[in-house]
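Let me begin by presenting the structure, written as structure tokens, before commenting on it.
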Amino acid sequence: MGVELIRKVRQAEAHAFTWPLLLTAEGRKYGKSVGNAIWLDRQRTPVFAFYQHFLGFADDEVGALLRFLTFSATRRSSALDEATAKHPERRAAQRVLAHEVTAFVHGADEAAKAERASLALFSEEITGLDEEMLLAALADAPTLVLARSRLGGAGDASTSGLGEGGEAGDTAGSGEGLALVDALVESGLVASRSAARGAIEQGGAYVNNSRRTEASSRITRSDLLHDRLVLLRRGRRDYRVVRFE
């Protein structure tokens with residue numbers, strides 16, 4: 001229509017440059033109207049969420065996106081296609097896509113931080129993340145809010161009452177910090193205090209991705225990330241954020 005308008009109004013020749021519409025594997029477009037848009041502005045889409053968006057693309061989408069959105073050479077893209085087909089669990093193509101697009105939009109340093117945060121979600125390196133990246137990394141995690149007094153010492157008189165089946169709950173006054181057993185139950189990671197003790201003793205309970213194996217273990221103020229957060233994890237992927245206020 002633009003070419004035709006110029007021909008009629010200016011009696012001049014014009015050329016149109018077009019680009020294929022970017023579509024999902026199901027043939028749907030990306031955008032606000034379909035609810036899958038991301039923003040270049042980090043205030044609207046934090047850098048970590050931006051990185052995770054591209055890391056999450058399906059195997060049958062990532063090859064085309066690499067060619068559309070990055071400057072990867074054709075030979076490298078083809079090699080990543082092969083790697084994805086042989087070892088989809090490694091998500092090699094997705095990692096390259098996420099890193100390169102994030103670096104192009106937000107800079108190499110921010111891309112490296114987002115990549116580190118993604119890996120840190122399941123390693124003890126989470127304790128080294130700055131607050132902005134930590135909050136972005138945990139933004140979608142189920143969260144439990146507890147009073148900071150639960151971390152107090154002998155002066156606190158709050159109790160957790162009776163657990164499931166009439167089990168006696170720990171009290172904050174029984175020592176510094178909150179019993180890990182109670183934290184696991186209250187966060188919903190386990191159904192009962194006996195299940196919590198079992199998870200801990202079997203090596204399946206983590207505080208800030210550090211394994212705890214003593215059933216008497218407690219969460220103290222020294223465990224707080226940026227003075228308010230603790231990441232609890234049971235097993236490999238089931239985790240909760242505890243925010244102390």
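Going by the structure tokens order, chains are called A, B, ..., each with residues numbered from 1, while ligands are numbered from 1 in the order shown.
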
Would you pick out the contacts of Ala25 (chain A) at 9 Å or less, using only C-alpha atoms, so that residues sharing its chain but fewer than 6 positions from it are not included, and give the list as an mmCIF file with N, CA and C atoms, in the first residue's frame?
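result27.cif was written with the following content:
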data_model
loop_
_atom_site.group_PDB
_atom_site.id
_atom_site.type_symbol
_atom_site.label_atom_id
_atom_site.label_comp_id
_atom_site.auth_asym_id
_atom_site.auth_seq_id
_atom_site.Cartn_x
_atom_site.Cartn_y
_atom_site.Cartn_z
ATOM 1 N N ALA A 58 10.982 -23.706 23.452
ATOM 2 C CA ALA A 58 10.966 -25.133 23.134
ATOM 3 C C ALA A 58 12.026 -25.461 22.085
ATOM 4 N N ASP A 60 11.784 -26.999 19.324
ATOM 5 C CA ASP A 60 11.380 -26.807 17.934
ATOM 6 C C ASP A 60 11.230 -25.333 17.556
ATOM 7 N N GLU A 61 11.452 -24.438 18.495
ATOM 8 C CA GLU A 61 11.395 -22.993 18.216
ATOM 9 C C GLU A 61 12.764 -22.342 18.211
#

For this session: Kindly indicate which residue among A:Arg95, A:Arg28, A:Arg67, A:His106 lies nearest to Asp41 (chain A), using only C-alpha atoms for the distances.
Result: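 When distances to Asp41 (chain A) are compared using only C-alpha atoms, the smallest one comes from A:His106.
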
Exercise. With only C-alpha atoms as the atoms that count, which of A:Ala137, A:Val242, A:Val190, A:Ala92 lies nearest to Ser118 (chain A)?
Worked result: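 For Ser118 (chain A), the nearest of the given residues is A:Ala137.
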
Exercise. Restricting the calculation to only C-alpha atoms, which member of A:Lys113, A:Arg221, A:Lys8, A:Lys86 is positioned closest to Ala49 (chain A)?
Worked result: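 Among A:Lys113, A:Arg221, A:Lys8, A:Lys86, it is A:Lys113 that comes nearest to Ala49 (chain A).
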
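Secondary structure of region 87-221 of chain A, strand (DSSP E or B) only (DSSP, backbone atoms): Thr143, Leu144, Val145, Leu146, Thr159, Leu162, Ala168, Thr171, Leu178, Ala179, Ala205, Tyr206, Val207, Ser210, Arg211, Arg212, Arg218 and Ile219 of chain A.
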
Problem set entry | Distance query Val101 (chain A) at most 10 Å, only C-alpha atoms, self and fewer than 6 positions along chain excluded, as a list of chain:residue names | A:Phe50, A:Tyr51, A:Phe54, A:Leu66, A:Leu69, A:Thr70, A:Phe71, A:Gly107, A:Ala108, A:Ala111

Go ahead and save the residues from that selection, with N, CA and C atoms, as a PDB file, in the first residue's frame.
ATOM      1  N   PHE A  50      13.998 -11.490  31.563  1.00  0.00           N
ATOM      2  CA  PHE A  50      14.275 -11.392  30.131  1.00  0.00           C
ATOM      3  C   PHE A  50      15.116 -12.594  29.681  1.00  0.00           C
ATOM      4  N   TYR A  51      16.174 -12.865  30.433  1.00  0.00           N
ATOM      5  CA  TYR A  51      17.054 -13.997  30.121  1.00  0.00           C
ATOM      6  C   TYR A  51      16.273 -15.315  30.189  1.00  0.00           C
ATOM      7  N   PHE A  54      13.979 -16.283  27.152  1.00  0.00           N
ATOM      8  CA  PHE A  54      14.620 -16.905  25.994  1.00  0.00           C
ATOM      9  C   PHE A  54      15.173 -18.286  26.325  1.00  0.00           C
ATOM     10  N   LEU A  66      17.305 -18.344  16.961  1.00  0.00           N
ATOM     11  CA  LEU A  66      18.745 -18.080  16.876  1.00  0.00           C
ATOM     12  C   LEU A  66      19.072 -17.343  15.581  1.00  0.00           C
ATOM     13  N   LEU A  69      17.252 -13.649  15.674  1.00  0.00           N
ATOM     14  CA  LEU A  69      17.532 -12.653  16.715  1.00  0.00           C
ATOM     15  C   LEU A  69      19.004 -12.528  17.111  1.00  0.00           C
ATOM     16  N   THR A  70      19.872 -13.387  16.613  1.00  0.00           N
ATOM     17  CA  THR A  70      21.282 -13.285  16.974  1.00  0.00           C
ATOM     18  C   THR A  70      22.133 -13.211  15.716  1.00  0.00           C
ATOM     19  N   PHE A  71      23.407 -12.931  15.941  1.00  0.00           N
ATOM     20  CA  PHE A  71      24.348 -12.867  14.830  1.00  0.00           C
ATOM     21  C   PHE A  71      25.200 -14.132  14.738  1.00  0.00           C
ATOM     22  N   GLY A 107      23.576  -5.603  27.647  1.00  0.00           N
ATOM     23  CA  GLY A 107      25.022  -5.584  27.828  1.00  0.00           C
ATOM     24  C   GLY A 107      25.558  -6.922  28.313  1.00  0.00           C
ATOM     25  N   ALA A 108      26.821  -7.180  27.997  1.00  0.00           N
ATOM     26  CA  ALA A 108      27.439  -8.464  28.321  1.00  0.00           C
ATOM     27  C   ALA A 108      27.498  -8.719  29.824  1.00  0.00           C
ATOM     28  N   ALA A 111      24.101  -9.809  31.058  1.00  0.00           N
ATOM     29  CA  ALA A 111      23.816 -11.164  30.571  1.00  0.00           C
ATOM     30  C   ALA A 111      24.554 -12.200  31.408  1.00  0.00           C
TER      31      ALA A 111
END

Problem set entry | Computed interatomic separation between CA of Glu132 (chain A) and CA of Leu225 (chain A) (Å) |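 Between CA of Glu132 (chain A) and CA of Leu225 (chain A) the gap is 11.8 Å.
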
For this session: Mind giving me the straight-line distance from CA of Trp19 (chain A) to CA of Val3 (chain A) in Å, one decimal?
Result: 15.9 Å

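Taking CA of Asp59 (chain A) and CA of His99 (chain A) as endpoints, the distance between them is 16.3 Å.
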
Exercise. Can you list, as a list of chain:residue names, every protein, DNA or RNA residue that comes within 9 Å of Pro46 (chain A) when you count only C-alpha atoms, leaving out same-chain residues fewer than 6 positions away?
Worked result: A:Trp39, A:Leu40, A:Glu132, A:Met133, A:Ala136

Save out the residues we just selected, N, CA and C atoms, as a CSV table (one decimal), in the first residue's frame.
chain,number,residue,atom,x,y,z
A,39,TRP,N,9.6,-6.9,27.5
A,39,TRP,CA,9.9,-5.5,27.3
A,39,TRP,C,11.4,-5.3,27.3
A,40,LEU,N,11.9,-4.3,26.5
A,40,LEU,CA,13.3,-4.0,26.6
A,40,LEU,C,13.6,-3.2,27.8
A,132,GLU,N,18.9,-7.2,43.6
A,132,GLU,CA,18.1,-7.0,42.4
A,132,GLU,C,18.0,-8.4,41.6
A,133,MET,N,19.1,-9.0,41.4
A,133,MET,CA,19.1,-10.3,40.7
A,133,MET,C,18.5,-11.4,41.5
A,136,ALA,N,14.7,-11.0,41.4
A,136,ALA,CA,14.2,-11.4,40.0
A,136,ALA,C,14.2,-12.9,39.9

Problem set entry | Glu13 (chain A) environment, 10 Å, only C-alpha atoms, sequence neighbours closer than 6 positions dropped, as a PyMOL selection string | chain A and resi 3-4+6-7

Selected residues written out with N, CA and C atoms, as a compact mmCIF listing (two decimals), in the first residue's frame:
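As written to disk, again.txt reads:
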# COMPACT_ATOMS: atom_id res chain seq x y z
N VAL A 3 3.94 1.54 -1.23
CA VAL A 3 4.55 1.67 -2.56
C VAL A 3 3.55 2.26 -3.56
N GLU A 4 2.31 1.79 -3.49
CA GLU A 4 1.28 2.28 -4.39
C GLU A 4 0.96 3.75 -4.14
N ILE A 6 2.99 6.07 -2.90
CA ILE A 6 4.10 6.88 -3.41
C ILE A 6 4.03 7.00 -4.93
N ARG A 7 3.68 5.90 -5.57
CA ARG A 7 3.59 5.94 -7.03
C ARG A 7 2.51 6.92 -7.49

Shell around Arg76 (chain A) at 10 Å using only C-alpha atoms, local window under 5 positions removed, as a short mmCIF file (atom, residue, chain, number, x, y, z; two decimals) with C-alpha atoms, in the first residue's frame:
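result21.cif, written as the output of this step:
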data_model
loop_
_atom_site.label_atom_id
_atom_site.label_comp_id
_atom_site.auth_asym_id
_atom_site.auth_seq_id
_atom_site.Cartn_x
_atom_site.Cartn_y
_atom_site.Cartn_z
CA LEU A 66 18.74 -18.08 16.88
CA ASP A 81 20.59 -27.69 16.13
CA GLU A 82 22.46 -30.98 16.24
CA ALA A 93 20.83 -23.64 21.89
#

Problem set entry | Contacts of Leu189 (chain A) at 8 Å (only C-alpha atoms; same-chain gap of 5+ positions) as a ChimeraX atom specification | /A:184,233-234,238-240
